[in-house]
$ cat my_file23.cif   # mmCIF, C-alpha atoms
data_coords
loop_
_atom_site.group_PDB
_atom_site.id
_atom_site.type_symbol
_atom_site.label_atom_id
_atom_site.label_comp_id
_atom_site.auth_asym_id
_atom_site.auth_seq_id
_atom_site.Cartn_x
_atom_site.Cartn_y
_atom_site.Cartn_z
ATOM 1 C CA MET L 1 -47.512 -17.368 -11.101
ATOM 2 C CA ILE L 2 -50.826 -16.710 -12.824
ATOM 3 C CA ILE L 3 -53.327 -19.394 -13.811
ATOM 4 C CA SER L 4 -56.226 -18.501 -16.089
ATOM 5 C CA SER L 5 -59.221 -20.322 -17.471
ATOM 6 C CA CYS L 6 -59.622 -20.635 -21.232
ATOM 7 C CA ASP L 7 -62.108 -17.763 -21.241
ATOM 8 C CA THR L 8 -59.697 -15.288 -19.632
ATOM 9 C CA ALA L 9 -56.366 -16.365 -21.107
ATOM 10 C CA GLU L 10 -56.047 -13.278 -23.281
ATOM 11 C CA LYS L 11 -56.621 -10.833 -20.418
ATOM 12 C CA ILE L 12 -53.667 -11.606 -18.165
ATOM 13 C CA SER L 13 -52.550 -8.480 -16.333
ATOM 14 C CA PRO L 14 -50.496 -9.206 -13.193
ATOM 15 C CA ALA L 15 -50.709 -5.738 -11.631
ATOM 16 C CA PHE L 16 -50.210 -5.435 -7.877
ATOM 17 C CA LYS L 17 -49.298 -2.473 -5.757
ATOM 18 C CA TRP L 18 -47.581 -3.690 -2.613
ATOM 19 C CA SER L 19 -47.255 -1.764 0.632
ATOM 20 C CA GLN L 20 -45.826 -2.595 4.058
ATOM 21 C CA LEU L 21 -48.284 -3.116 6.908
ATOM 22 C CA ILE L 22 -47.469 -2.726 10.580
ATOM 23 C CA PRO L 23 -45.245 -5.680 11.581
ATOM 24 C CA VAL L 24 -46.691 -8.298 13.910
ATOM 25 C CA PRO L 25 -45.614 -7.410 17.470
ATOM 26 C CA ASP L 26 -43.180 -10.280 17.908
ATOM 27 C CA LYS L 27 -39.419 -10.252 17.294
ATOM 28 C CA VAL L 28 -39.405 -13.712 15.736
ATOM 29 C CA GLY L 29 -42.796 -13.864 14.026
ATOM 30 C CA PHE L 30 -44.960 -16.913 13.410
ATOM 31 C CA ALA L 31 -45.246 -19.643 10.800
ATOM 32 C CA GLY L 32 -48.425 -21.501 9.923
ATOM 33 C CA SER L 33 -50.797 -18.967 11.478
ATOM 34 C CA PHE L 34 -54.487 -18.863 10.647
ATOM 35 C CA GLY L 35 -55.493 -15.611 8.982
ATOM 36 C CA GLY L 36 -58.513 -13.808 7.623
ATOM 37 C CA VAL L 37 -60.576 -10.625 7.553
ATOM 38 C CA SER L 38 -63.545 -9.682 9.703
ATOM 39 C CA ASN L 39 -65.327 -6.318 9.579
ATOM 40 C CA ASP L 40 -62.356 -4.300 8.293
ATOM 41 C CA HIS L 41 -59.872 -6.040 10.586
ATOM 42 C CA LEU L 42 -56.992 -8.230 9.441
ATOM 43 C CA ILE L 43 -56.713 -11.068 11.938
ATOM 44 C CA ILE L 44 -54.011 -13.642 12.543
ATOM 45 C CA ALA L 45 -54.283 -16.456 15.052
ATOM 46 C CA GLY L 46 -51.981 -19.150 16.361
ATOM 47 C CA GLY L 47 -48.945 -20.449 14.510
ATOM 48 C CA SER L 48 -45.547 -21.628 15.653
ATOM 49 C CA GLN L 49 -42.031 -20.306 16.031
ATOM 50 C CA PHE L 50 -38.576 -21.218 17.199
ATOM 51 C CA PRO L 51 -37.587 -18.993 20.126
ATOM 52 C CA GLU L 52 -35.305 -16.088 19.289
ATOM 53 C CA GLY L 53 -31.739 -17.186 18.634
ATOM 54 C CA THR L 54 -32.594 -20.842 18.019
ATOM 55 C CA ARG L 55 -33.173 -22.959 14.944
ATOM 56 C CA PRO L 56 -34.210 -26.616 14.506
ATOM 57 C CA TRP L 57 -30.737 -27.596 13.300
ATOM 58 C CA SER L 58 -29.178 -26.079 16.432
ATOM 59 C CA GLY L 59 -31.443 -27.919 18.861
ATOM 60 C CA GLY L 60 -34.229 -25.344 19.014
ATOM 61 C CA VAL L 61 -37.657 -26.577 20.105
ATOM 62 C CA LYS L 62 -40.707 -25.240 18.262
ATOM 63 C CA SER L 63 -43.259 -23.459 20.427
ATOM 64 C CA TRP L 64 -46.935 -23.022 19.594
ATOM 65 C CA ASN L 65 -49.059 -19.905 19.899
ATOM 66 C CA ASP L 66 -52.725 -19.341 20.801
ATOM 67 C CA LYS L 67 -52.867 -15.539 20.520
ATOM 68 C CA ILE L 68 -55.385 -13.833 18.244
ATOM 69 C CA LEU L 69 -54.209 -10.458 16.911
ATOM 70 C CA ALA L 70 -56.197 -7.865 14.965
ATOM 71 C CA LEU L 71 -55.134 -4.890 12.850
ATOM 72 C CA GLU L 72 -57.888 -2.465 11.883
ATOM 73 C CA LYS L 73 -57.947 -1.171 8.314
ATOM 74 C CA ASN L 74 -55.567 1.820 8.201
ATOM 75 C CA GLY L 75 -54.754 1.093 11.846
ATOM 76 C CA LYS L 76 -51.386 1.823 13.396
ATOM 77 C CA ASP L 77 -51.085 -1.008 15.924
ATOM 78 C CA TRP L 78 -51.966 -4.651 16.337
ATOM 79 C CA LYS L 79 -54.225 -5.530 19.249
ATOM 80 C CA GLU L 80 -54.446 -8.851 21.059
ATOM 81 C CA ILE L 81 -58.175 -9.622 21.062
ATOM 82 C CA GLY L 82 -58.318 -13.126 22.493
ATOM 83 C CA LYS L 83 -56.989 -16.659 22.316
ATOM 84 C CA LEU L 84 -57.690 -19.796 20.326
ATOM 85 C CA PRO L 85 -59.169 -22.807 22.129
ATOM 86 C CA ARG L 86 -55.615 -24.220 22.117
ATOM 87 C CA PRO L 87 -52.162 -23.322 20.727
ATOM 88 C CA MET L 88 -52.099 -24.557 17.128
ATOM 89 C CA GLY L 89 -51.351 -23.724 13.507
ATOM 90 C CA TYR L 90 -51.000 -25.143 9.987
ATOM 91 C CA GLY L 91 -54.729 -25.465 9.337
ATOM 92 C CA VAL L 92 -56.814 -23.976 6.521
ATOM 93 C CA SER L 93 -58.200 -20.416 6.731
ATOM 94 C CA LEU L 94 -61.119 -19.389 4.514
ATOM 95 C CA ASN L 95 -62.882 -16.025 4.463
ATOM 96 C CA TRP L 96 -66.674 -16.314 4.527
ATOM 97 C CA LYS L 97 -69.316 -13.638 5.084
ATOM 98 C CA ASP L 98 -68.151 -11.359 7.934
ATOM 99 C CA GLY L 99 -65.471 -13.671 9.313
ATOM 100 C CA PHE L 100 -63.315 -16.675 8.459
ATOM 101 C CA LEU L 101 -63.138 -20.403 9.069
ATOM 102 C CA LEU L 102 -60.272 -22.134 10.883
ATOM 103 C CA ILE L 103 -60.172 -25.730 9.706
ATOM 104 C CA GLY L 104 -58.079 -28.470 11.300
ATOM 105 C CA GLY L 105 -54.535 -27.669 12.371
ATOM 106 C CA ALA L 106 -51.783 -29.094 14.508
ATOM 107 C CA ASN L 107 -49.467 -28.751 17.460
ATOM 108 C CA GLN L 108 -46.275 -30.597 18.313
ATOM 109 C CA THR L 109 -47.983 -33.868 19.228
ATOM 110 C CA GLN L 110 -51.244 -34.136 17.289
ATOM 111 C CA HIS L 111 -53.454 -32.926 14.456
ATOM 112 C CA PHE L 112 -57.002 -31.704 14.980
ATOM 113 C CA GLN L 113 -60.384 -32.086 13.278
ATOM 114 C CA ASN L 114 -62.063 -29.046 14.836
ATOM 115 C CA VAL L 115 -63.641 -26.345 12.668
ATOM 116 C CA TYR L 116 -64.247 -22.825 14.003
ATOM 117 C CA PHE L 117 -65.782 -19.648 12.603
ATOM 118 C CA LEU L 118 -64.232 -16.452 13.908
ATOM 119 C CA THR L 119 -65.762 -12.957 13.753
ATOM 120 C CA TYR L 120 -64.713 -9.663 15.311
ATOM 121 C CA GLN L 121 -67.021 -6.659 15.560
ATOM 122 C CA ASN L 122 -67.351 -3.739 17.971
ATOM 123 C CA GLU L 123 -64.307 -5.080 19.857
ATOM 124 C CA GLN L 124 -66.127 -8.360 20.481
ATOM 125 C CA LEU L 125 -64.489 -11.629 19.435
ATOM 126 C CA LEU L 126 -66.777 -14.563 18.695
ATOM 127 C CA ILE L 127 -65.555 -18.102 17.997
ATOM 128 C CA ASP L 128 -68.308 -20.435 16.873
ATOM 129 C CA THR L 129 -67.831 -24.202 16.575
ATOM 130 C CA LEU L 130 -68.919 -25.869 13.325
ATOM 131 C CA ALA L 131 -69.113 -29.521 12.284
ATOM 132 C CA SER L 132 -65.810 -31.306 12.855
ATOM 133 C CA LEU L 133 -63.823 -32.784 9.983
ATOM 134 C CA PRO L 134 -64.208 -36.537 9.419
ATOM 135 C CA GLY L 135 -60.672 -36.918 10.772
ATOM 136 C CA PRO L 136 -57.698 -34.917 12.064
ATOM 137 C CA LEU L 137 -55.896 -32.910 9.390
ATOM 138 C CA ALA L 138 -53.130 -30.343 8.952
ATOM 139 C CA ASN L 139 -51.027 -29.011 6.046
ATOM 140 C CA SER L 140 -54.093 -29.222 3.826
ATOM 141 C CA CYS L 141 -55.624 -26.730 1.392
ATOM 142 C CA GLY L 142 -59.099 -25.590 0.550
ATOM 143 C CA ALA L 143 -61.473 -23.048 -0.946
ATOM 144 C CA ILE L 144 -65.119 -21.986 -0.731
ATOM 145 C CA ILE L 145 -67.314 -22.111 -3.847
ATOM 146 C CA ASN L 146 -70.981 -21.118 -3.699
ATOM 147 C CA ASN L 147 -71.059 -21.518 0.103
ATOM 148 C CA THR L 148 -69.509 -24.991 -0.031
ATOM 149 C CA VAL L 149 -66.145 -25.609 1.625
ATOM 150 C CA TYR L 150 -63.780 -27.985 -0.179
ATOM 151 C CA ILE L 151 -60.723 -29.447 1.602
ATOM 152 C CA ALA L 152 -58.062 -31.515 -0.210
ATOM 153 C CA GLY L 153 -55.092 -33.534 1.026
ATOM 154 C CA GLY L 154 -52.958 -32.960 4.100
ATOM 155 C CA LEU L 155 -51.501 -35.008 6.934
ATOM 156 C CA SER L 156 -53.445 -36.928 9.573
ATOM 157 C CA SER L 157 -50.737 -36.827 12.268
ATOM 158 C CA PRO L 158 -47.245 -35.439 12.921
ATOM 159 C CA ALA L 159 -45.817 -38.948 12.530
ATOM 160 C CA ALA L 160 -47.587 -39.740 9.245
ATOM 161 C CA SER L 161 -45.378 -41.343 6.592
ATOM 162 C CA SER L 162 -47.841 -40.730 3.771
ATOM 163 C CA ALA L 163 -50.028 -37.818 2.750
ATOM 164 C CA GLU L 164 -53.818 -37.947 2.636
ATOM 165 C CA HIS L 165 -55.821 -38.483 -0.549
ATOM 166 C CA ILE L 166 -59.039 -37.057 0.877
ATOM 167 C CA PHE L 167 -61.489 -34.577 -0.626
ATOM 168 C CA TRP L 168 -64.145 -33.340 1.796
ATOM 169 C CA ALA L 169 -66.991 -30.859 1.386
ATOM 170 C CA LEU L 170 -69.223 -28.908 3.793
ATOM 171 C CA ASP L 171 -72.330 -27.021 2.641
ATOM 172 C CA LEU L 172 -72.493 -23.832 4.713
ATOM 173 C CA SER L 173 -75.857 -22.863 3.246
ATOM 174 C CA GLN L 174 -77.508 -25.589 5.324
ATOM 175 C CA PRO L 175 -78.741 -24.789 8.856
ATOM 176 C CA LYS L 176 -75.896 -25.268 11.303
ATOM 177 C CA GLU L 177 -77.539 -28.255 13.003
ATOM 178 C CA LYS L 178 -77.785 -30.055 9.645
ATOM 179 C CA GLN L 179 -74.282 -29.340 8.413
ATOM 180 C CA SER L 180 -71.980 -32.346 8.015
ATOM 181 C CA TRP L 181 -68.893 -33.103 5.962
ATOM 182 C CA LYS L 182 -69.209 -35.286 2.890
ATOM 183 C CA THR L 183 -66.447 -37.419 1.420
ATOM 184 C CA LEU L 184 -66.181 -36.826 -2.333
ATOM 185 C CA SER L 185 -64.220 -38.666 -5.011
ATOM 186 C CA SER L 186 -60.526 -37.752 -4.879
ATOM 187 C CA TRP L 187 -58.477 -36.337 -7.746
ATOM 188 C CA PRO L 188 -56.816 -38.791 -10.195
ATOM 189 C CA GLY L 189 -53.275 -38.220 -8.955
ATOM 190 C CA GLU L 190 -50.928 -38.617 -6.022
ATOM 191 C CA ALA L 191 -51.953 -38.048 -2.421
ATOM 192 C CA ARG L 192 -50.425 -34.780 -1.238
ATOM 193 C CA MET L 193 -49.960 -32.181 1.439
ATOM 194 C CA LEU L 194 -49.064 -28.471 1.156
ATOM 195 C CA GLY L 195 -51.036 -28.154 -2.072
ATOM 196 C CA VAL L 196 -52.475 -24.886 -3.339
ATOM 197 C CA ALA L 197 -56.228 -24.565 -3.774
ATOM 198 C CA GLY L 198 -58.246 -21.941 -5.587
ATOM 199 C CA GLN L 199 -61.361 -21.365 -7.619
ATOM 200 C CA ILE L 200 -62.137 -19.996 -11.060
ATOM 201 C CA ASN L 201 -65.677 -19.730 -12.441
ATOM 202 C CA GLY L 202 -67.120 -22.067 -9.833
ATOM 203 C CA GLU L 203 -64.508 -24.804 -10.272
ATOM 204 C CA PHE L 204 -62.058 -26.003 -7.596
ATOM 205 C CA TYR L 205 -58.351 -26.018 -8.493
ATOM 206 C CA LEU L 206 -55.828 -28.296 -6.752
ATOM 207 C CA LEU L 207 -52.241 -27.477 -7.671
ATOM 208 C CA SER L 208 -48.847 -28.934 -6.772
ATOM 209 C CA GLY L 209 -47.958 -29.895 -3.190
ATOM 210 C CA THR L 210 -45.740 -32.714 -1.989
ATOM 211 C CA SER L 211 -46.259 -36.435 -1.639
ATOM 212 C CA LEU L 212 -44.471 -38.479 1.021
ATOM 213 C CA MET L 213 -42.619 -41.756 0.670
ATOM 214 C CA VAL L 214 -40.241 -44.009 2.598
ATOM 215 C CA PRO L 215 -37.703 -45.487 0.150
ATOM 216 C CA LYS L 216 -36.524 -49.059 0.489
ATOM 217 C CA ASP L 217 -33.655 -49.514 2.958
ATOM 218 C CA ASP L 218 -34.409 -46.080 4.446
ATOM 219 C CA SER L 219 -36.489 -45.302 7.518
ATOM 220 C CA ALA L 220 -36.732 -41.575 6.811
ATOM 221 C CA VAL L 221 -39.741 -39.979 5.167
ATOM 222 C CA HIS L 222 -38.910 -38.158 1.918
ATOM 223 C CA ARG L 223 -40.893 -35.549 0.022
ATOM 224 C CA GLN L 224 -41.614 -35.577 -3.690
ATOM 225 C CA TYR L 225 -42.496 -32.130 -5.017
ATOM 226 C CA LEU L 226 -45.348 -32.234 -7.510
ATOM 227 C CA LYS L 227 -46.060 -30.109 -10.573
ATOM 228 C CA ASN L 228 -49.398 -31.565 -11.601
ATOM 229 C CA GLY L 229 -52.771 -29.933 -11.184
ATOM 230 C CA PHE L 230 -56.435 -30.875 -11.267
ATOM 231 C CA ILE L 231 -59.803 -29.141 -11.572
ATOM 232 C CA PHE L 232 -62.991 -30.277 -9.869
ATOM 233 C CA ASN L 233 -66.337 -29.310 -11.365
ATOM 234 C CA PRO L 234 -69.190 -30.063 -8.920
ATOM 235 C CA ALA L 235 -71.362 -31.327 -11.788
ATOM 236 C CA LYS L 236 -68.741 -33.167 -13.859
ATOM 237 C CA GLY L 237 -66.049 -34.327 -11.452
ATOM 238 C CA TRP L 238 -62.249 -34.115 -11.825
ATOM 239 C CA ARG L 239 -60.057 -33.468 -14.846
ATOM 240 C CA LYS L 240 -56.299 -33.135 -15.120
ATOM 241 C CA ILE L 241 -54.691 -29.968 -16.497
ATOM 242 C CA LYS L 242 -51.292 -29.132 -17.931
ATOM 243 C CA GLU L 243 -48.407 -29.405 -15.482
ATOM 244 C CA LEU L 244 -47.017 -26.291 -13.833
ATOM 245 C CA PRO L 245 -43.525 -25.101 -14.871
ATOM 246 C CA HIS L 246 -42.300 -25.971 -11.373
ATOM 247 C CA PRO L 247 -43.769 -27.002 -7.996
ATOM 248 C CA VAL L 248 -45.566 -24.352 -5.951
ATOM 249 C CA ALA L 249 -45.834 -26.222 -2.654
ATOM 250 C CA ALA L 250 -46.809 -24.391 0.526
ATOM 251 C CA ALA L 251 -47.815 -21.180 -1.253
ATOM 252 C CA PRO L 252 -50.569 -19.157 0.462
ATOM 253 C CA THR L 253 -53.862 -20.938 -0.039
ATOM 254 C CA PRO L 254 -56.450 -20.384 -1.300
ATOM 255 C CA ALA L 255 -54.752 -18.557 -4.152
ATOM 256 C CA TYR L 256 -56.109 -15.096 -4.915
ATOM 257 C CA THR L 257 -58.723 -14.877 -7.681
ATOM 258 C CA ASN L 258 -59.028 -11.464 -9.371
ATOM 259 C CA GLY L 259 -61.951 -9.941 -11.249
ATOM 260 C CA ASN L 260 -60.817 -11.538 -14.518
ATOM 261 C CA GLN L 261 -61.054 -14.995 -12.938
ATOM 262 C CA GLN L 262 -57.290 -15.522 -12.741
ATOM 263 C CA LEU L 263 -55.466 -17.270 -9.912
ATOM 264 C CA PHE L 264 -52.353 -15.590 -8.525
ATOM 265 C CA ILE L 265 -49.915 -17.833 -6.645
ATOM 266 C CA LEU L 266 -47.644 -15.765 -4.409
ATOM 267 C CA GLY L 267 -44.595 -17.182 -2.673
ATOM 268 C CA VAL L 268 -43.615 -20.828 -3.113
ATOM 269 C CA MET L 269 -41.362 -23.560 -1.750
ATOM 270 C CA MET L 270 -39.476 -25.743 -4.191
ATOM 271 C CA GLU L 271 -36.718 -28.349 -4.041
ATOM 272 C CA VAL L 272 -33.477 -27.337 -5.783
ATOM 273 C CA ALA L 273 -31.598 -30.492 -4.751
ATOM 274 C CA PRO L 274 -32.496 -33.529 -2.619
ATOM 275 C CA ASN L 275 -33.645 -32.197 0.774
ATOM 276 C CA ARG L 276 -32.557 -28.635 -0.105
ATOM 277 C CA MET L 277 -35.410 -26.141 -0.182
ATOM 278 C CA LEU L 278 -35.673 -22.805 -1.955
ATOM 279 C CA PHE L 279 -38.259 -20.261 -0.834
ATOM 280 C CA LEU L 280 -39.315 -17.659 -3.388
ATOM 281 C CA LYS L 281 -41.097 -14.445 -2.427
ATOM 282 C CA ILE L 282 -43.020 -14.397 -5.685
ATOM 283 C CA SER L 283 -43.040 -16.462 -8.843
ATOM 284 C CA ILE L 284 -43.458 -14.610 -12.128
ATOM 285 C CA PRO L 285 -43.847 -17.211 -14.951
ATOM 286 C CA VAL L 286 -47.329 -17.584 -16.438
ATOM 287 C CA PHE L 287 -49.168 -20.890 -16.965
ATOM 288 C CA VAL L 288 -52.350 -20.775 -19.032
ATOM 289 C CA GLN L 289 -54.710 -23.709 -19.277
ATOM 290 C CA LYS L 290 -55.039 -24.887 -22.870
ATOM 291 C CA CYS L 291 -58.567 -25.231 -24.317
#
$ encode --input "my_file23.cif" --output "structure tokens"
Amino acid sequence: MIISSCDTAEKISPAFKWSQLIPVPDKVGFAGSFGGVSNDHLIIAGGSQFPEGTRPWSGGVKSWNDKILALEKNGKDWKEIGKLPRPMGYGVSLNWKDGFLLIGGANQTQHFQNVYFLTYQNEQLLIDTLASLPGPLANSCGAIINNTVYIAGGLSSPAASSAEHIFWALDLSQPKEKQSWKTLSSWPGEARMLGVAGQINGEFYLLSGTSLMVPKDDSAVHRQYLKNGFIFNPAKGWRKIKELPHPVAAAPTPAYTNGNQQLFILGVMMEVAPNRMLFLKISIPVFVQKC
């Protein structure tokens, strides 16, 4: 799916050349890992998995990972370069300068408010601690615009029965000792988790996701998949945009912005029937914001 601003609507050109990288050295693989780039190394960290041969519906128990793996550009093998402060996953990863931020996250029993900045250079791994989030958060989304981190939505705990309606910002241009998260006005729509964030021309995009609800006479938490989207302009606030053709929950976030200031949403989760999920490798339809 491609999302363009009014100024670039006529220039849509979804051209990608895909190639296969070296597989992660694990038979099962990981879900919800942190990921980013540092000094020509692709890095993944943490995540979760169900042990080989098991699935949640067959009684499998999810395990959590703390390994940090690096693959050098044009490299032939992944290398384990260190470990996270704890096994965790499902936080927000944002590339910045020569490393990337790891924001929030979760394990089986709790969600976290820690924020780390990871860099890797000359075979040296550095994990710096930044200002903590105002509260624990996982399954959120975010983006960096002009050195300011924006984080929207998510879940505060594994047992939460409702999604968060928070919008937080951290100015990374400030000296580290003066950095602190600010609570900004939230978007004029449903609270959500698993949304997709992105940025075009200095504006923050919040797209899709799922809200949570507990229907009457039912103790189970249900998801409602959302198609709406909103744009935040730091000077003007929020505005609503045209709905997406279908939900794009849990797509990689932040969405990729190309040189023409277009957002590309790759891989989505959508509901095809109550409690039946469909995972798409890539979504082709185009949505263009109307002027």
$ residues_around --input "my_file23.cif" --residues "Phe34 (chain L)" --least-positions-apart "3" --cutoff "8 Å" --atoms "all atoms listed in the file" --output "PyMOL selection string"
chain L and resi 44-47+89-93+102
$ atom_distance --input "my_file23.cif" --atom1 "CA of Glu123 (chain L)" --atom2 "CA of Trp78 (chain L)"
12.8 Å
$ resolve_selection --input "my_file23.cif" --expression "the PyMOL selection byres ((chain L and resi 81-88) around 9)" --output "number ranges by chain"
L: 32-34, 45-48, 63-70, 79-80, 89-91, 105-108, 111-112, 120, 123-125, 127
$ write_last_selection --input "my_file23.cif" --atoms "C-alpha atoms" --output "PDB file, keeping the file's coordinate frame"
ATOM      1  CA  GLY L  32     -48.425 -21.501   9.923  1.00  0.00           C
ATOM      2  CA  SER L  33     -50.797 -18.967  11.478  1.00  0.00           C
ATOM      3  CA  PHE L  34     -54.487 -18.863  10.647  1.00  0.00           C
ATOM      4  CA  ALA L  45     -54.283 -16.456  15.052  1.00  0.00           C
ATOM      5  CA  GLY L  46     -51.981 -19.150  16.361  1.00  0.00           C
ATOM      6  CA  GLY L  47     -48.945 -20.449  14.510  1.00  0.00           C
ATOM      7  CA  SER L  48     -45.547 -21.628  15.653  1.00  0.00           C
ATOM      8  CA  SER L  63     -43.259 -23.459  20.427  1.00  0.00           C
ATOM      9  CA  TRP L  64     -46.935 -23.022  19.594  1.00  0.00           C
ATOM     10  CA  ASN L  65     -49.059 -19.905  19.899  1.00  0.00           C
ATOM     11  CA  ASP L  66     -52.725 -19.341  20.801  1.00  0.00           C
ATOM     12  CA  LYS L  67     -52.867 -15.539  20.520  1.00  0.00           C
ATOM     13  CA  ILE L  68     -55.385 -13.833  18.244  1.00  0.00           C
ATOM     14  CA  LEU L  69     -54.209 -10.458  16.911  1.00  0.00           C
ATOM     15  CA  ALA L  70     -56.197  -7.865  14.965  1.00  0.00           C
ATOM     16  CA  LYS L  79     -54.225  -5.530  19.249  1.00  0.00           C
ATOM     17  CA  GLU L  80     -54.446  -8.851  21.059  1.00  0.00           C
ATOM     18  CA  GLY L  89     -51.351 -23.724  13.507  1.00  0.00           C
ATOM     19  CA  TYR L  90     -51.000 -25.143   9.987  1.00  0.00           C
ATOM     20  CA  GLY L  91     -54.729 -25.465   9.337  1.00  0.00           C
ATOM     21  CA  GLY L 105     -54.535 -27.669  12.371  1.00  0.00           C
ATOM     22  CA  ALA L 106     -51.783 -29.094  14.508  1.00  0.00           C
ATOM     23  CA  ASN L 107     -49.467 -28.751  17.460  1.00  0.00           C
ATOM     24  CA  GLN L 108     -46.275 -30.597  18.313  1.00  0.00           C
ATOM     25  CA  HIS L 111     -53.454 -32.926  14.456  1.00  0.00           C
ATOM     26  CA  PHE L 112     -57.002 -31.704  14.980  1.00  0.00           C
ATOM     27  CA  TYR L 120     -64.713  -9.663  15.311  1.00  0.00           C
ATOM     28  CA  GLU L 123     -64.307  -5.080  19.857  1.00  0.00           C
ATOM     29  CA  GLN L 124     -66.127  -8.360  20.481  1.00  0.00           C
ATOM     30  CA  LEU L 125     -64.489 -11.629  19.435  1.00  0.00           C
ATOM     31  CA  ILE L 127     -65.555 -18.102  17.997  1.00  0.00           C
TER      32      ILE L 127
END
$ closest_residue --input "my_file23.cif" --among "L:Leu244, L:Leu206, L:Ile200, L:Ala250" --to "Leu263 (chain L)" --atoms "all atoms listed in the file"
L:Ile200
$ closest_residue --input "my_file23.cif" --among "L:Asp171, L:Glu243, L:Glu190, L:Glu203" --to "Gln261 (chain L)" --atoms "only C-alpha atoms"
L:Glu203
$ closest_residue --input "my_file23.cif" --among "L:Ile22, L:Ala251, L:Ala131, L:Leu101" --to "Lys73 (chain L)" --atoms "all atoms listed in the file"
L:Ile22
$ resolve_selection --input "my_file23.cif" --expression "the PyMOL selection byres ((chain L and resi 228) around 12)" --output "ChimeraX atom specification"
/L:187-192,195-196,205-211,224-227,229-231,239-249,287
$ residues_around --input "my_file23.cif" --residues "Gln49 (chain L)" --least-positions-apart "2" --cutoff "7 Å" --atoms "all atoms listed in the file" --output "list in words"
Gly29, Phe30, Ala31, Pro51, Lys62, Ser63 and Trp64 of chain L
$ atom_distance --input "my_file23.cif" --atom1 "CA of Gly202 (chain L)" --atom2 "CA of Asp128 (chain L)"
26.8 Å
$ resolve_selection --input "my_file23.cif" --expression "the PyMOL selection byres ((chain L and resi 159) around 10)" --output "number ranges by chain"
L: 109-111, 155-158, 160-162, 221
$ atom_distance --input "my_file23.cif" --atom1 "CA of Ser58 (chain L)" --atom2 "CA of Asp26 (chain L)"
21.2 Å
$ closest_residue --input "my_file23.cif" --among "L:Ala169, L:Ile151, L:Leu118, L:Cys141" --to "Thr253 (chain L)" --atoms "only C-alpha atoms"
L:Cys141
$ axis_aligned_box --input "my_file23.cif" --around "region 150-162 of chain L" --padding-each-side "4 Å" --output "AutoDock Vina command-line options"
--center_x -54.6 --center_y -34.7 --center_z 6.4 --size_x 26.4 --size_y 21.4 --size_z 21.1
$ residues_around --input "my_file23.cif" --residues "Ile144 (chain L)" --least-positions-apart "2" --cutoff "9 Å" --atoms "all atoms listed in the file" --output "list of chain:residue names"
L:Leu94, L:Asn95, L:Trp96, L:Gly142, L:Asn146, L:Asn147, L:Thr148, L:Val149, L:Tyr150, L:Ile151, L:Gly198, L:Gln199, L:Phe204, L:Pro254
$ residues_around --input "my_file23.cif" --residues "Pro134 (chain L)" --least-positions-apart "4" --cutoff "9 Å" --atoms "only C-alpha atoms" --output "list in words"
Gln113, Trp168, Ser180, Trp181, Lys182 and Thr183 of chain L
$ residues_around --input "my_file23.cif" --residues "Val61 (chain L)" --least-positions-apart "5" --cutoff "8 Å" --atoms "all atoms listed in the file" --output "PDB file with C-alpha atoms, keeping the file's coordinate frame"
ATOM      1  CA  PHE L  50     -38.576 -21.218  17.199  1.00  0.00           C
ATOM      2  CA  PRO L  51     -37.587 -18.993  20.126  1.00  0.00           C
ATOM      3  CA  THR L  54     -32.594 -20.842  18.019  1.00  0.00           C
ATOM      4  CA  ARG L  55     -33.173 -22.959  14.944  1.00  0.00           C
ATOM      5  CA  PRO L  56     -34.210 -26.616  14.506  1.00  0.00           C
TER       6      PRO L  56
END
$ closest_residue --input "my_file23.cif" --among "L:Lys27, L:Asn201, L:Leu194, L:Gly135" --to "Asn260 (chain L)" --atoms "all atoms listed in the file"
L:Asn201
$ decode --input "my_file23.cif" --residues "region 169-174 of chain L" --atoms "N, CA, C and O atoms" --output "short mmCIF file (atom, residue, chain, number, x, y, z; two decimals), in the first residue's frame"
data_model
loop_
_atom_site.label_atom_id
_atom_site.label_comp_id
_atom_site.auth_asym_id
_atom_site.auth_seq_id
_atom_site.Cartn_x
_atom_site.Cartn_y
_atom_site.Cartn_z
N ALA L 169 6.05 12.44 23.15
CA ALA L 169 7.13 12.98 22.32
C ALA L 169 8.39 13.19 23.15
O ALA L 169 8.32 13.56 24.33
N LEU L 170 9.56 12.94 22.52
CA LEU L 170 10.85 13.13 23.16
C LEU L 170 11.77 13.86 22.19
O LEU L 170 12.02 13.38 21.07
N ASP L 171 12.29 15.00 22.61
CA ASP L 171 13.17 15.82 21.78
C ASP L 171 14.61 15.35 21.97
O ASP L 171 15.24 15.64 22.99
N LEU L 172 15.16 14.65 20.97
CA LEU L 172 16.50 14.13 21.07
C LEU L 172 17.58 15.18 20.83
O LEU L 172 18.77 14.91 21.04
N SER L 173 17.18 16.36 20.38
CA SER L 173 18.16 17.42 20.16
C SER L 173 18.59 18.07 21.47
O SER L 173 19.60 18.79 21.51
N GLN L 174 17.84 17.85 22.53
CA GLN L 174 18.20 18.38 23.84
C GLN L 174 19.35 17.57 24.44
O GLN L 174 19.53 16.39 24.14
#
